[in-house]
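S.K.: Contents of final_20.cif (mmCIF, C-alpha atoms) are below:
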data_coords
loop_
_atom_site.label_atom_id
_atom_site.label_comp_id
_atom_site.auth_asym_id
_atom_site.auth_seq_id
_atom_site.Cartn_x
_atom_site.Cartn_y
_atom_site.Cartn_z
CA MET A 1 -188.73 -10.27 38.82
CA ALA A 2 -187.60 -9.66 35.22
CA GLN A 3 -183.87 -9.37 34.65
CA THR A 4 -182.32 -6.33 33.00
CA THR A 5 -180.33 -7.01 29.81
CA VAL A 6 -178.53 -4.48 27.61
CA VAL A 7 -177.79 -5.08 23.93
CA HIS A 8 -175.32 -2.58 22.45
CA LEU A 9 -175.23 -2.04 18.68
CA LEU A 10 -171.72 -0.86 17.82
CA ARG A 11 -171.00 0.72 14.46
CA HIS A 12 -167.58 -0.18 13.06
CA GLY A 13 -164.71 2.31 13.01
CA GLU A 14 -163.39 4.43 10.14
CA VAL A 15 -162.55 2.54 6.94
CA HIS A 16 -159.62 3.20 4.60
CA ASN A 17 -161.50 4.43 1.53
CA PRO A 18 -159.61 7.26 -0.18
CA GLN A 19 -161.71 7.03 -3.37
CA GLY A 20 -164.99 7.55 -1.51
CA VAL A 21 -166.54 4.34 -2.81
CA LEU A 22 -169.91 3.17 -1.53
CA TYR A 23 -168.49 -0.20 -0.52
CA GLY A 24 -171.56 -1.79 1.09
CA ARG A 25 -170.93 -5.53 1.31
CA LEU A 26 -167.89 -5.54 -0.97
CA PRO A 27 -164.87 -7.42 0.44
CA GLY A 28 -161.47 -5.88 0.97
CA TYR A 29 -162.40 -2.75 2.92
CA HIS A 30 -160.46 -2.59 6.18
CA LEU A 31 -160.22 -0.16 9.06
CA SER A 32 -157.90 2.79 8.66
CA GLU A 33 -155.31 3.52 11.32
CA ARG A 34 -157.79 5.93 12.91
CA GLY A 35 -160.46 3.25 12.68
CA ARG A 36 -158.27 0.85 14.64
CA GLN A 37 -157.74 3.56 17.26
CA MET A 38 -161.51 3.97 17.46
CA ALA A 39 -161.97 0.24 18.06
CA GLU A 40 -159.33 0.28 20.80
CA THR A 41 -160.97 3.32 22.40
CA VAL A 42 -164.37 1.62 22.50
CA ALA A 43 -162.83 -1.52 23.98
CA LYS A 44 -161.32 0.51 26.79
CA ALA A 45 -164.58 2.39 27.34
CA VAL A 46 -166.62 -0.81 27.84
CA ALA A 47 -163.95 -2.84 29.63
CA GLY A 48 -165.70 -2.53 32.99
CA ARG A 49 -169.16 -3.43 31.73
CA ASP A 50 -170.86 -6.78 32.28
CA ILE A 51 -170.57 -7.91 28.65
CA VAL A 52 -170.84 -11.68 28.21
CA ALA A 53 -171.61 -12.05 24.47
CA LEU A 54 -170.01 -10.53 21.38
CA TYR A 55 -171.31 -10.81 17.82
CA SER A 56 -170.12 -9.26 14.56
CA SER A 57 -171.07 -8.79 10.96
CA PRO A 58 -168.79 -10.98 8.81
CA LEU A 59 -167.42 -7.96 6.88
CA GLU A 60 -163.76 -7.15 7.55
CA ARG A 61 -164.31 -3.71 9.04
CA ALA A 62 -166.76 -5.09 11.58
CA GLN A 63 -164.54 -8.01 12.58
CA GLU A 64 -161.59 -5.66 12.98
CA THR A 65 -163.70 -3.41 15.23
CA ALA A 66 -164.77 -6.41 17.31
CA ALA A 67 -161.23 -7.76 17.76
CA PRO A 68 -160.05 -5.34 20.52
CA LEU A 69 -163.30 -5.93 22.43
CA ALA A 70 -162.78 -9.68 22.23
CA ALA A 71 -159.24 -9.32 23.55
CA THR A 72 -160.22 -6.89 26.32
CA LEU A 73 -163.31 -8.81 27.45
CA GLY A 74 -161.89 -12.31 26.98
CA LEU A 75 -164.71 -13.29 24.63
CA ASP A 76 -164.97 -15.10 21.32
CA VAL A 77 -166.56 -13.23 18.42
CA GLU A 78 -169.54 -14.97 16.85
CA LEU A 79 -170.11 -13.95 13.23
CA ASP A 80 -173.70 -13.59 12.07
CA GLU A 81 -174.96 -12.51 8.64
CA ARG A 82 -178.01 -10.86 10.19
CA LEU A 83 -175.65 -8.02 11.16
CA LEU A 84 -174.50 -7.39 7.57
CA GLU A 85 -174.67 -4.00 5.91
CA ALA A 86 -177.86 -3.47 3.90
CA ALA A 87 -177.65 -4.72 0.32
CA ASN A 88 -177.32 -1.85 -2.16
CA PHE A 89 -177.45 -1.80 -5.96
CA LEU A 90 -174.94 1.08 -6.00
CA GLU A 91 -172.07 -0.84 -4.39
CA GLY A 92 -168.73 0.01 -5.95
CA LYS A 93 -169.77 3.44 -7.18
CA VAL A 94 -168.06 6.66 -6.08
CA VAL A 95 -170.47 8.46 -3.77
CA ALA A 96 -169.68 11.94 -5.10
CA ALA A 97 -170.53 10.91 -8.67
CA PHE A 98 -173.39 8.41 -8.68
CA LEU A 99 -176.17 10.97 -8.18
CA ARG A 100 -174.91 12.88 -11.22
CA THR A 101 -175.24 9.79 -13.44
CA PRO A 102 -178.64 9.64 -15.20
CA GLY A 103 -178.46 5.86 -15.43
CA ASN A 104 -178.71 5.66 -11.65
CA TYR A 105 -182.02 7.53 -11.42
CA ARG A 106 -184.00 4.31 -11.87
CA TYR A 107 -182.86 3.24 -8.41
CA PHE A 108 -184.52 6.21 -6.69
CA TRP A 109 -188.20 5.88 -7.63
CA ASN A 110 -189.30 4.95 -4.09
CA LEU A 111 -187.53 6.60 -1.14
CA ARG A 112 -189.74 4.82 1.40
CA ARG A 113 -188.86 1.25 0.39
CA PRO A 114 -186.00 2.13 -0.52
CA SER A 115 -185.77 1.22 -4.21
CA TRP A 116 -181.95 1.35 -4.33
CA GLY A 117 -181.41 -1.66 -2.09
CA GLU A 118 -182.64 -4.00 0.62
CA PRO A 119 -186.09 -2.93 1.89
CA TYR A 120 -186.04 -1.26 5.30
CA VAL A 121 -188.61 -3.71 6.66
CA GLU A 122 -186.33 -6.63 5.79
CA VAL A 123 -183.36 -4.99 7.51
CA VAL A 124 -185.49 -4.41 10.61
CA ALA A 125 -186.69 -8.03 10.62
CA ARG A 126 -183.22 -9.59 10.53
CA MET A 127 -181.76 -7.12 13.01
CA ARG A 128 -184.67 -7.64 15.39
CA GLN A 129 -184.09 -11.39 15.34
CA MET A 130 -180.38 -10.81 15.99
CA ILE A 131 -181.14 -8.54 18.94
CA ILE A 132 -183.48 -11.15 20.39
CA THR A 133 -180.78 -13.81 19.98
CA ALA A 134 -178.26 -11.61 21.81
CA ARG A 135 -180.72 -10.66 24.55
CA LYS A 136 -181.43 -14.30 25.31
CA ALA A 137 -177.73 -15.23 25.23
CA ALA A 138 -176.80 -12.39 27.61
CA GLU A 139 -179.88 -12.47 29.84
CA GLY A 140 -179.23 -10.46 32.98
CA HIS A 141 -175.97 -9.12 31.50
CA GLU A 142 -174.89 -7.23 28.36
CA ALA A 143 -174.05 -8.05 24.75
CA VAL A 144 -172.33 -6.18 21.91
CA LEU A 145 -173.31 -6.52 18.24
CA VAL A 146 -170.89 -4.96 15.74
CA SER A 147 -172.78 -3.84 12.66
CA HIS A 148 -173.17 -0.96 10.21
CA GLN A 149 -174.78 2.46 10.12
CA LEU A 150 -178.04 1.76 8.28
CA PRO A 151 -178.97 -1.50 10.07
CA ILE A 152 -178.30 0.11 13.45
CA TRP A 153 -180.18 3.31 12.68
CA ILE A 154 -183.16 1.58 11.12
CA SER A 155 -183.37 -0.73 14.16
CA ARG A 156 -183.52 2.30 16.42
CA LEU A 157 -186.22 3.96 14.31
CA ALA A 158 -188.32 0.79 14.46
CA ALA A 159 -187.79 0.38 18.22
CA GLU A 160 -188.86 3.96 18.86
CA GLY A 161 -191.93 3.65 16.64
CA ARG A 162 -190.70 6.17 14.09
CA ARG A 163 -191.09 5.97 10.32
CA LEU A 164 -188.38 3.98 8.58
CA TRP A 165 -187.74 6.21 5.57
CA HIS A 166 -185.42 9.08 6.40
CA ASP A 167 -182.66 11.42 5.28
CA PRO A 168 -179.40 9.40 5.51
CA ARG A 169 -177.51 12.60 6.34
CA ARG A 170 -179.45 12.90 9.61
CA ARG A 171 -178.73 9.50 11.10
CA GLN A 172 -177.49 9.61 14.68
CA CYS A 173 -175.05 6.76 14.27
CA GLU A 174 -171.48 8.02 14.15
CA LEU A 175 -168.44 5.83 13.55
CA ALA A 176 -167.70 3.58 16.56
CA SER A 177 -170.87 4.75 18.32
CA LEU A 178 -173.02 2.64 20.62
CA THR A 179 -176.80 2.44 20.32
CA SER A 180 -177.90 0.63 23.47
CA PHE A 181 -181.19 -1.25 23.93
CA THR A 182 -182.14 -1.93 27.56
CA PHE A 183 -184.67 -4.68 28.28
CA GLU A 184 -186.54 -5.82 31.36
CA GLY A 185 -187.20 -9.43 30.53
CA ASP A 186 -188.25 -9.32 26.88
CA ARG A 187 -189.65 -5.76 27.10
CA LEU A 188 -187.63 -2.88 25.68
CA ILE A 189 -187.60 -0.06 28.22
CA SER A 190 -185.11 2.42 26.74
CA VAL A 191 -182.74 3.20 23.89
CA GLY A 192 -179.52 5.07 24.61
CA TYR A 193 -176.74 6.47 22.45
CA SER A 194 -173.09 7.29 23.10
CA GLU A 195 -169.90 8.04 21.18
CA PRO A 196 -166.87 6.71 23.09
CA ALA A 197 -164.52 7.56 20.20
CA ARG A 198 -165.98 10.94 19.32
CA SER A 199 -162.64 12.72 19.63
CA LEU A 200 -161.29 10.61 16.76
CA VAL A 201 -164.08 11.34 14.27
CA LYS A 202 -162.95 13.66 11.47
CA GLY A 203 -165.57 15.24 9.23
CA PRO A 204 -168.74 13.75 7.71
CA THR A 205 -168.95 10.04 6.96
CA ILE A 206 -170.50 8.25 4.02
CA PRO A 207 -174.17 7.31 4.60
CA GLY A 208 -174.62 3.57 4.46
CA ALA A 209 -170.98 2.82 5.24
#
As structure tokens, how would this structure be written, given the file I've shared?

M.R.:
Amino acid sequence: MAQTTVVHLLRHGEVHNPQGVLYGRLPGYHLSERGRQMAETVAKAVAGRDIVALYSSPLERAQETAAPLAATLGLDVELDERLLEAANFLEGKVVAAFLRTPGNYRYFWNLRRPSWGEPYVEVVARMRQMIITARKAAEGHEAVLVSHQLPIWISRLAAEGRRLWHDPRRRQCELASLTSFTFEGDRLISVGYSEPARSLVKGPTIPGA
């Protein structure tokens, strides 16, 4: 009989970013105080679950989100670049201004690829391999992968057989949310979604953050 395994994709908590920069993979962006509270809230919410493996994107905000889980669950955090934020040519630009800059229009010629950064199909491929790695490591139990909004959302779209190009404003992947893939053996049987830290979310968040 096939064993049931759950792989949770956890988006990091709120980041201190008063300038509204699209930070992408840039270093030096850490969780805000509210973001740290979000991470602690998630850790408490999953404390009773059968989680035996914990992975994180190497970016600071992801590692800081993983830290309370590691402490609560008594696990080491394994860093893996497959969980990184999607590469983006607009890193470092202020979100409110870059669409008003004519020089940026050349990045938006193909919304389906997308032309402003790492192709969706490449994000799906690396995330799928990471999910498989975690499923095998946690077989019969559960694993948590701390990642970023776009990689998590695009993985869900692919798993559900939906088109990959989409409106970033309509992603169901809030800060500190869990997108949970349940497998029987190596077969995906369901995708769930929850927001353990919903009460701490304040206002809209930056797509791709």

S.K.: Quote the spacing between CA of Pro119 in chain A and CA of Gly35 in chain A in Å to one decimal place.

M.R.: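 According to the coordinates, CA of Pro119 in chain A and CA of Gly35 in chain A are separated by 28.5 Å.
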
S.K.: Taking 5 positions as the minimum chain separation for residues in the same chain, which residues sit within 10 Å of Val94 in chain A when counting only C-alpha atoms? Answer as number ranges by chain.

M.R.: A: 19-23, 99

S.K.: Would you mind telling me which residue in A:Leu79, A:Val7, A:Ala67, A:Ala53 lies nearest to Arg36 in chain A when using all atoms listed in the file?

M.R.: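 Closest to Arg36 in chain A of all the choices is A:Ala67.
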
S.K.: In Å, with one decimal, what is the gap from CA of Asn88 in chain A to CA of Val123 in chain A?

M.R.: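 Interatomic distance here is 11.8 Å.
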
S.K.: Identify, on the basis of only C-alpha atoms, every residue whose closest approach to Ile154 in chain A does not exceed 10 Å; exclude the query and any residue fewer than 3 positions from it along the same chain; express the result as a PyMOL selection string.

M.R.: chain A and resi 120-121+123-124+127+149-151+157-160+162-166+171

S.K.: Contacts of range 9-13 of chain A at 10 Å or less, counting only C-alpha atoms, minus same-chain residues fewer than 3 places along, as a PyMOL selection string?

M.R.: chain A and resi 6+16+30-40+42+55-57+59-66+83+131+143-153+155-156+173-181+193-195+197+200-201+209

S.K.: Could you check the closest approach to Leu84 in chain A for each of A:Gly103, A:His141, A:Gly24, A:Ile51 and tell me which residue wins, using only C-alpha atoms?

M.R.: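 For Leu84 in chain A, the nearest of the given residues is A:Gly24.
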
S.K.: Run the PyMOL selection byres ((chain A and resi 52) around 12) against the file shown and list the residues it catches, as JSON, numbers by chain.

M.R.: {"A": [5, 6, 7, 8, 46, 47, 48, 49, 50, 51, 53, 54, 55, 69, 70, 72, 73, 74, 75, 76, 77, 78, 134, 135, 136, 137, 138, 139, 140, 141, 142, 143, 144, 145]}

S.K.: Go ahead and save the residues from that selection, with C-alpha atoms, as a tab-separated table (two decimals), in the frame of the given file.

M.R.:
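Below you can see selection_29.tsv, which holds the result:
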chain	number	residue	atom	x	y	z
A	5	THR	CA	-180.33	-7.01	29.81
A	6	VAL	CA	-178.53	-4.48	27.61
A	7	VAL	CA	-177.79	-5.08	23.93
A	8	HIS	CA	-175.32	-2.58	22.45
A	46	VAL	CA	-166.62	-0.81	27.84
A	47	ALA	CA	-163.95	-2.84	29.63
A	48	GLY	CA	-165.70	-2.53	32.99
A	49	ARG	CA	-169.16	-3.43	31.73
A	50	ASP	CA	-170.86	-6.78	32.28
A	51	ILE	CA	-170.57	-7.91	28.65
A	53	ALA	CA	-171.61	-12.05	24.47
A	54	LEU	CA	-170.01	-10.53	21.38
A	55	TYR	CA	-171.31	-10.81	17.82
A	69	LEU	CA	-163.30	-5.93	22.43
A	70	ALA	CA	-162.78	-9.68	22.23
A	72	THR	CA	-160.22	-6.89	26.32
A	73	LEU	CA	-163.31	-8.81	27.45
A	74	GLY	CA	-161.89	-12.31	26.98
A	75	LEU	CA	-164.71	-13.29	24.63
A	76	ASP	CA	-164.97	-15.10	21.32
A	77	VAL	CA	-166.56	-13.23	18.42
A	78	GLU	CA	-169.54	-14.97	16.85
A	134	ALA	CA	-178.26	-11.61	21.81
A	135	ARG	CA	-180.72	-10.66	24.55
A	136	LYS	CA	-181.43	-14.30	25.31
A	137	ALA	CA	-177.73	-15.23	25.23
A	138	ALA	CA	-176.80	-12.39	27.61
A	139	GLU	CA	-179.88	-12.47	29.84
A	140	GLY	CA	-179.23	-10.46	32.98
A	141	HIS	CA	-175.97	-9.12	31.50
A	142	GLU	CA	-174.89	-7.23	28.36
A	143	ALA	CA	-174.05	-8.05	24.75
A	144	VAL	CA	-172.33	-6.18	21.91
A	145	LEU	CA	-173.31	-6.52	18.24

S.K.: Record the distance separating CA of Arg25 in chain A and CA of Glu91 in chain A, expressed in Å with one decimal.

M.R.: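 CA of Arg25 in chain A sits 7.5 Å away from CA of Glu91 in chain A.
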
S.K.: Could you give me the axis-aligned bounding box of range 181-191 of chain A, with 6 Å of padding per side, as centre plus edge lengths in Å to one decimal, as AutoDock Vina command-line options?

M.R.:
--center_x -185.4 --center_y -3.1 --center_z 27.6 --size_x 20.5 --size_y 24.6 --size_z 19.5

S.K.: Exactly which residues make up the result of the PyMOL selection byres ((chain A and resi 183-189) around 6) on this file, given as a list in words?

M.R.: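 This file, filtered by the PyMOL selection byres ((chain A and resi 183-189) around 6), leaves Ala2, Gln3, Thr4, Thr5, Thr182 and Ser190 of chain A.
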
S.K.: Choose the residue, out of A:Pro102, A:Pro68, A:Pro114, A:Pro58, that has the smallest atom-to-atom separation from Glu81 in chain A; count all atoms listed in the file.

M.R.: A:Pro58
